[in-house]
Amino acid sequence: MSQRNTAVTNQLTPATTAPAPDDCPLPEVLNLIGGKWSAQVLVELGNGPRRFTQLERAITGISRRMLTVSLRDLERNGLITRTVHPDSPPRVEYATTPLIEDIREPLEALTDWARLAAPAITAARRAYDGSADSHL
């Protein structure tokens with residue numbers, strides 16, 4: 001551990017403890033909705049129910065496996081539903097649940113911001129990486 005980090009660690013008092021997982025669910029929730037693919041799935045489903053192939057086409061770069069994993073995780077956590085329609089062949093649709101309604105607008109705003117900020121972030125990374133020797 002560097003001296004800088006040691007100094008910060010030494011500032012903690014013995015009475016300082018991390019909150020119990022039940023006290024602060026924020027990291028778990030952010031991990032769930034902020035994952036690389038989960039956020040994009042939720043934003044796309046915010047436009048209405050979608051079939052698997054519609055989601056696959058709409059989300060650039062996602063593999064079938066990652067889409068399946070993301071959908072299962074979101075369904076498991078109650079953020080989306082999976083409905084099998086008894087057609088021939090069977091038709092499966094995914095849709096958001098009421099649980100996601102409160103976060104839909106901020107998630108869409110964050111997605112819009114990410115698209116607008118991407119060039120500036122890329123430029124900042126290039127500048128930082130170009131001067132990497134000065135960061136040691």
# chains A, B, ... in the order shown; residues from 1 in each chain; ligands from 1

$ residues_around --residues "Gln54 in chain A" --least-positions-apart "6" --cutoff "12 Å" --atoms "only C-alpha atoms" --output "PyMOL selection string"
chain A and resi 41+44-45+47-48+60+64+67+92-94

$ select_by_dssp --residues "range 34-104 of chain A" --states "strand (DSSP E)" --output "VMD selection string"
chain A and resid 50 to 51 80 to 85 91 to 96

$ write_last_selection --atoms "all heavy atoms" --output "CSV table (one decimal), in the first residue's frame"
chain,number,residue,atom,x,y,z
A,50,ARG,N,-40.7,-6.1,-26.0
A,50,ARG,CA,-39.9,-6.5,-27.1
A,50,ARG,C,-39.7,-8.0,-27.1
A,50,ARG,O,-39.6,-8.6,-26.0
A,50,ARG,CB,-38.5,-5.8,-27.1
A,50,ARG,CG,-38.5,-4.3,-27.2
A,50,ARG,CD,-38.8,-3.9,-28.6
A,50,ARG,NE,-38.7,-2.4,-28.8
A,50,ARG,CZ,-39.7,-1.6,-28.7
A,50,ARG,NH1,-40.9,-2.0,-28.5
A,50,ARG,NH2,-39.5,-0.3,-28.9
A,51,ARG,N,-39.5,-8.5,-28.3
A,51,ARG,CA,-39.1,-9.9,-28.4
A,51,ARG,C,-37.6,-10.0,-28.3
A,51,ARG,O,-36.9,-9.0,-28.5
A,51,ARG,CB,-39.6,-10.5,-29.7
A,51,ARG,CG,-41.1,-10.6,-29.7
A,51,ARG,CD,-41.7,-11.1,-31.0
A,51,ARG,NE,-41.4,-12.5,-31.1
A,51,ARG,CZ,-41.9,-13.2,-32.1
A,51,ARG,NH1,-42.6,-12.7,-33.1
A,51,ARG,NH2,-41.6,-14.5,-32.2
A,80,ILE,N,-38.0,-6.9,-15.0
A,80,ILE,CA,-38.7,-7.2,-16.2
A,80,ILE,C,-39.5,-8.5,-16.1
A,80,ILE,O,-39.3,-9.3,-15.2
A,80,ILE,CB,-37.7,-7.4,-17.4
A,80,ILE,CG1,-36.9,-8.6,-17.3
A,80,ILE,CG2,-36.9,-6.1,-17.6
A,80,ILE,CD1,-36.1,-8.9,-18.6
A,81,THR,N,-40.5,-8.7,-17.0
A,81,THR,CA,-41.3,-9.9,-17.1
A,81,THR,C,-41.0,-10.6,-18.4
A,81,THR,O,-40.6,-9.9,-19.4
A,81,THR,CB,-42.8,-9.6,-17.0
A,81,THR,OG1,-43.1,-8.7,-18.0
A,81,THR,CG2,-43.1,-9.0,-15.6
A,82,ARG,N,-41.2,-11.9,-18.4
A,82,ARG,CA,-41.0,-12.7,-19.6
A,82,ARG,C,-42.4,-13.4,-19.8
A,82,ARG,O,-42.8,-14.1,-18.9
A,82,ARG,CB,-39.9,-13.7,-19.4
A,82,ARG,CG,-39.7,-14.7,-20.5
A,82,ARG,CD,-38.6,-15.7,-20.2
A,82,ARG,NE,-38.3,-16.5,-21.3
A,82,ARG,CZ,-38.8,-17.7,-21.6
A,82,ARG,NH1,-39.8,-18.2,-20.7
A,82,ARG,NH2,-38.5,-18.4,-22.6
A,83,THR,N,-43.0,-13.1,-20.9
A,83,THR,CA,-44.3,-13.7,-21.2
A,83,THR,C,-44.2,-14.5,-22.4
A,83,THR,O,-43.8,-14.1,-23.5
A,83,THR,CB,-45.3,-12.5,-21.5
A,83,THR,OG1,-45.3,-11.6,-20.3
A,83,THR,CG2,-46.7,-13.1,-21.7
A,84,VAL,N,-44.6,-15.8,-22.2
A,84,VAL,CA,-44.7,-16.8,-23.4
A,84,VAL,C,-46.1,-16.8,-23.9
A,84,VAL,O,-47.0,-17.1,-23.1
A,84,VAL,CB,-44.2,-18.2,-22.9
A,84,VAL,CG1,-44.3,-19.1,-24.1
A,84,VAL,CG2,-42.8,-18.1,-22.3
A,85,HIS,N,-46.3,-16.4,-25.1
A,85,HIS,CA,-47.6,-16.5,-25.8
A,85,HIS,C,-47.8,-17.8,-26.5
A,85,HIS,O,-46.9,-18.3,-27.2
A,85,HIS,CB,-47.7,-15.3,-26.8
A,85,HIS,CG,-47.6,-14.0,-26.2
A,85,HIS,ND1,-48.7,-13.4,-25.5
A,85,HIS,CD2,-46.6,-13.1,-26.0
A,85,HIS,CE1,-48.3,-12.2,-25.1
A,85,HIS,NE2,-47.0,-12.0,-25.4
A,91,ARG,N,-44.3,-17.4,-28.9
A,91,ARG,CA,-43.7,-16.1,-29.0
A,91,ARG,C,-43.4,-15.6,-27.6
A,91,ARG,O,-44.3,-15.8,-26.7
A,91,ARG,CB,-44.7,-15.2,-29.7
A,91,ARG,CG,-44.3,-13.7,-29.8
A,91,ARG,CD,-45.3,-12.9,-30.7
A,91,ARG,NE,-46.7,-13.1,-30.2
A,91,ARG,CZ,-47.3,-12.2,-29.5
A,91,ARG,NH1,-46.8,-11.1,-29.1
A,91,ARG,NH2,-48.6,-12.5,-29.2
A,92,VAL,N,-42.2,-15.1,-27.3
A,92,VAL,CA,-41.8,-14.7,-26.0
A,92,VAL,C,-41.6,-13.2,-26.1
A,92,VAL,O,-40.9,-12.7,-27.0
A,92,VAL,CB,-40.5,-15.4,-25.5
A,92,VAL,CG1,-40.1,-14.9,-24.2
A,92,VAL,CG2,-40.7,-16.9,-25.5
A,93,GLU,N,-42.2,-12.4,-25.1
A,93,GLU,CA,-41.9,-11.0,-25.0
A,93,GLU,C,-41.4,-10.6,-23.6
A,93,GLU,O,-41.8,-11.3,-22.6
A,93,GLU,CB,-43.2,-10.2,-25.2
A,93,GLU,CG,-43.7,-10.2,-26.7
A,93,GLU,CD,-44.9,-9.3,-26.8
A,93,GLU,OE1,-45.7,-9.1,-25.9
A,93,GLU,OE2,-45.0,-8.7,-27.9
A,94,TYR,N,-40.6,-9.6,-23.6
A,94,TYR,CA,-40.1,-9.1,-22.4
A,94,TYR,C,-40.6,-7.6,-22.2
A,94,TYR,O,-40.7,-6.9,-23.2
A,94,TYR,CB,-38.5,-9.0,-22.4
A,94,TYR,CG,-37.9,-10.4,-22.6
A,94,TYR,CD1,-37.7,-11.0,-23.8
A,94,TYR,CD2,-37.6,-11.2,-21.5
A,94,TYR,CE1,-37.2,-12.2,-24.0
A,94,TYR,CE2,-37.1,-12.5,-21.6
A,94,TYR,CZ,-36.9,-13.0,-22.9
A,94,TYR,OH,-36.4,-14.2,-23.0
A,95,ALA,N,-40.9,-7.3,-21.0
A,95,ALA,CA,-41.4,-5.9,-20.7
A,95,ALA,C,-40.9,-5.5,-19.3
A,95,ALA,O,-40.6,-6.4,-18.4
A,95,ALA,CB,-42.9,-5.9,-20.7
A,96,THR,N,-40.8,-4.2,-19.1
A,96,THR,CA,-40.5,-3.8,-17.7
A,96,THR,C,-41.6,-3.9,-16.8
A,96,THR,O,-42.8,-4.0,-17.2
A,96,THR,CB,-40.0,-2.3,-17.7
A,96,THR,OG1,-41.1,-1.5,-18.3
A,96,THR,CG2,-38.8,-2.1,-18.6

$ atom_distance --atom1 "CA of Phe52 in chain A" --atom2 "CA of Glu105 in chain A"
23.1 Å

$ select_by_dssp --residues "range 89-119 of chain A" --states "helix (DSSP H, G or I)" --output "ChimeraX atom specification"
/A:98-119

$ atom_distance --atom1 "CA of Thr68 in chain A" --atom2 "CA of Leu32 in chain A"
14.7 Å

$ residues_around --residues "Ile62 in chain A" --least-positions-apart "3" --cutoff "12 Å" --atoms "only C-alpha atoms" --output "PyMOL selection string"
chain A and resi 36-38+40-41+52-53+55-59+65-71

$ write_last_selection --atoms "all heavy atoms" --output "short mmCIF file (atom, residue, chain, number, x, y, z; two decimals), in the first residue's frame"
data_model
loop_
_atom_site.label_atom_id
_atom_site.label_comp_id
_atom_site.auth_asym_id
_atom_site.auth_seq_id
_atom_site.Cartn_x
_atom_site.Cartn_y
_atom_site.Cartn_z
N LYS A 36 -23.15 -3.07 -18.07
CA LYS A 36 -22.96 -2.69 -19.47
C LYS A 36 -24.19 -2.98 -20.32
O LYS A 36 -24.61 -2.15 -21.12
CB LYS A 36 -21.75 -3.44 -20.03
CG LYS A 36 -21.46 -3.13 -21.48
CD LYS A 36 -20.21 -3.83 -21.95
CE LYS A 36 -19.90 -3.48 -23.39
NZ LYS A 36 -18.67 -4.12 -23.85
N TRP A 37 -24.80 -4.13 -20.14
CA TRP A 37 -25.93 -4.51 -20.98
C TRP A 37 -27.27 -4.27 -20.33
O TRP A 37 -28.25 -3.97 -21.01
CB TRP A 37 -25.79 -5.97 -21.42
CG TRP A 37 -24.52 -6.23 -22.14
CD1 TRP A 37 -23.50 -7.04 -21.74
CD2 TRP A 37 -24.11 -5.67 -23.39
NE1 TRP A 37 -22.49 -7.02 -22.66
CE2 TRP A 37 -22.83 -6.18 -23.70
CE3 TRP A 37 -24.69 -4.78 -24.29
CZ2 TRP A 37 -22.13 -5.85 -24.85
CZ3 TRP A 37 -24.00 -4.44 -25.44
CH2 TRP A 37 -22.73 -4.97 -25.71
N SER A 38 -27.36 -4.39 -19.03
CA SER A 38 -28.64 -4.26 -18.33
C SER A 38 -29.28 -2.89 -18.57
O SER A 38 -30.48 -2.80 -18.84
CB SER A 38 -28.46 -4.48 -16.84
OG SER A 38 -28.03 -5.78 -16.59
N GLN A 40 -28.88 -0.88 -21.06
CA GLN A 40 -29.35 -0.78 -22.44
C GLN A 40 -30.62 -1.59 -22.67
O GLN A 40 -31.51 -1.16 -23.40
CB GLN A 40 -28.24 -1.21 -23.40
CG GLN A 40 -27.07 -0.24 -23.38
CD GLN A 40 -25.97 -0.68 -24.31
OE1 GLN A 40 -26.16 -0.71 -25.51
NE2 GLN A 40 -24.81 -1.02 -23.75
N VAL A 41 -30.70 -2.75 -22.05
CA VAL A 41 -31.91 -3.57 -22.15
C VAL A 41 -33.09 -2.81 -21.54
O VAL A 41 -34.17 -2.73 -22.14
CB VAL A 41 -31.72 -4.94 -21.46
CG1 VAL A 41 -33.05 -5.67 -21.32
CG2 VAL A 41 -30.72 -5.80 -22.24
N PHE A 52 -37.03 -11.19 -28.12
CA PHE A 52 -35.59 -11.38 -27.98
C PHE A 52 -34.85 -10.83 -29.20
O PHE A 52 -33.88 -10.09 -29.06
CB PHE A 52 -35.28 -12.88 -27.80
CG PHE A 52 -33.84 -13.17 -27.53
CD1 PHE A 52 -33.36 -13.22 -26.24
CD2 PHE A 52 -32.95 -13.40 -28.58
CE1 PHE A 52 -32.02 -13.48 -25.98
CE2 PHE A 52 -31.61 -13.66 -28.34
CZ PHE A 52 -31.15 -13.70 -27.03
N THR A 53 -35.30 -11.20 -30.38
CA THR A 53 -34.59 -10.76 -31.59
C THR A 53 -34.67 -9.24 -31.78
O THR A 53 -33.74 -8.65 -32.31
CB THR A 53 -35.12 -11.47 -32.85
OG1 THR A 53 -36.54 -11.31 -32.91
CG2 THR A 53 -34.77 -12.94 -32.84
N LEU A 55 -34.67 -7.06 -29.33
CA LEU A 55 -33.65 -6.54 -28.41
C LEU A 55 -32.25 -6.77 -28.98
O LEU A 55 -31.40 -5.88 -28.93
CB LEU A 55 -33.77 -7.22 -27.05
CG LEU A 55 -35.00 -6.84 -26.22
CD1 LEU A 55 -35.14 -7.78 -25.04
CD2 LEU A 55 -34.89 -5.40 -25.76
N GLU A 56 -32.03 -7.94 -29.52
CA GLU A 56 -30.72 -8.28 -30.08
C GLU A 56 -30.33 -7.31 -31.19
O GLU A 56 -29.18 -6.87 -31.27
CB GLU A 56 -30.76 -9.72 -30.60
CG GLU A 56 -29.44 -10.28 -31.02
CD GLU A 56 -29.56 -11.72 -31.47
OE1 GLU A 56 -30.63 -12.12 -31.98
OE2 GLU A 56 -28.58 -12.45 -31.29
N ARG A 57 -31.27 -6.96 -32.03
CA ARG A 57 -31.00 -6.02 -33.13
C ARG A 57 -30.81 -4.59 -32.63
O ARG A 57 -30.04 -3.83 -33.20
CB ARG A 57 -32.14 -6.05 -34.15
CG ARG A 57 -32.11 -7.28 -35.02
CD ARG A 57 -33.17 -7.19 -36.11
NE ARG A 57 -33.66 -8.52 -36.41
CZ ARG A 57 -34.91 -8.93 -36.29
NH1 ARG A 57 -35.85 -8.10 -35.93
NH2 ARG A 57 -35.24 -10.16 -36.57
N ALA A 58 -31.54 -4.22 -31.60
CA ALA A 58 -31.52 -2.84 -31.12
C ALA A 58 -30.30 -2.51 -30.28
O ALA A 58 -29.90 -1.35 -30.20
CB ALA A 58 -32.79 -2.56 -30.30
N ILE A 59 -29.67 -3.50 -29.66
CA ILE A 59 -28.55 -3.25 -28.76
C ILE A 59 -27.26 -3.66 -29.47
O ILE A 59 -26.90 -4.84 -29.54
CB ILE A 59 -28.73 -4.01 -27.43
CG1 ILE A 59 -30.04 -3.59 -26.77
CG2 ILE A 59 -27.54 -3.76 -26.51
CD1 ILE A 59 -30.43 -4.43 -25.59
N ARG A 65 -25.67 -14.70 -25.94
CA ARG A 65 -25.43 -15.19 -24.58
C ARG A 65 -25.58 -14.06 -23.56
O ARG A 65 -26.23 -14.23 -22.52
CB ARG A 65 -24.05 -15.82 -24.48
CG ARG A 65 -23.61 -16.05 -23.04
CD ARG A 65 -23.02 -17.41 -22.81
NE ARG A 65 -22.45 -17.56 -21.50
CZ ARG A 65 -23.15 -17.79 -20.39
NH1 ARG A 65 -24.45 -17.87 -20.44
NH2 ARG A 65 -22.55 -17.93 -19.23
N MET A 66 -24.95 -12.91 -23.81
CA MET A 66 -25.03 -11.81 -22.85
C MET A 66 -26.44 -11.25 -22.75
O MET A 66 -26.87 -10.84 -21.67
CB MET A 66 -24.03 -10.71 -23.21
CG MET A 66 -22.59 -11.09 -22.92
SD MET A 66 -22.29 -11.80 -21.27
CE MET A 66 -22.91 -10.56 -20.18
N LEU A 67 -27.16 -11.24 -23.85
CA LEU A 67 -28.55 -10.79 -23.79
C LEU A 67 -29.37 -11.76 -22.94
O LEU A 67 -30.15 -11.33 -22.08
CB LEU A 67 -29.14 -10.67 -25.20
CG LEU A 67 -30.60 -10.22 -25.27
CD1 LEU A 67 -30.82 -8.90 -24.54
CD2 LEU A 67 -31.04 -10.11 -26.73
N THR A 68 -29.16 -13.05 -23.13
CA THR A 68 -29.87 -14.04 -22.33
C THR A 68 -29.55 -13.90 -20.85
O THR A 68 -30.44 -13.90 -20.00
CB THR A 68 -29.50 -15.47 -22.80
OG1 THR A 68 -29.89 -15.61 -24.18
CG2 THR A 68 -30.18 -16.54 -21.97
N VAL A 69 -28.27 -13.74 -20.52
CA VAL A 69 -27.85 -13.58 -19.13
C VAL A 69 -28.46 -12.32 -18.53
O VAL A 69 -28.98 -12.33 -17.41
CB VAL A 69 -26.31 -13.56 -19.03
CG1 VAL A 69 -25.84 -13.10 -17.66
CG2 VAL A 69 -25.73 -14.92 -19.37
N SER A 70 -28.42 -11.22 -19.27
CA SER A 70 -28.98 -9.96 -18.78
C SER A 70 -30.48 -10.07 -18.55
O SER A 70 -30.99 -9.61 -17.52
CB SER A 70 -28.68 -8.83 -19.76
OG SER A 70 -27.29 -8.60 -19.85
N LEU A 71 -31.19 -10.65 -19.49
CA LEU A 71 -32.63 -10.80 -19.36
C LEU A 71 -32.99 -11.67 -18.15
O LEU A 71 -33.89 -11.33 -17.38
CB LEU A 71 -33.24 -11.38 -20.63
CG LEU A 71 -33.25 -10.45 -21.84
CD1 LEU A 71 -33.58 -11.22 -23.12
CD2 LEU A 71 -34.21 -9.29 -21.63
#
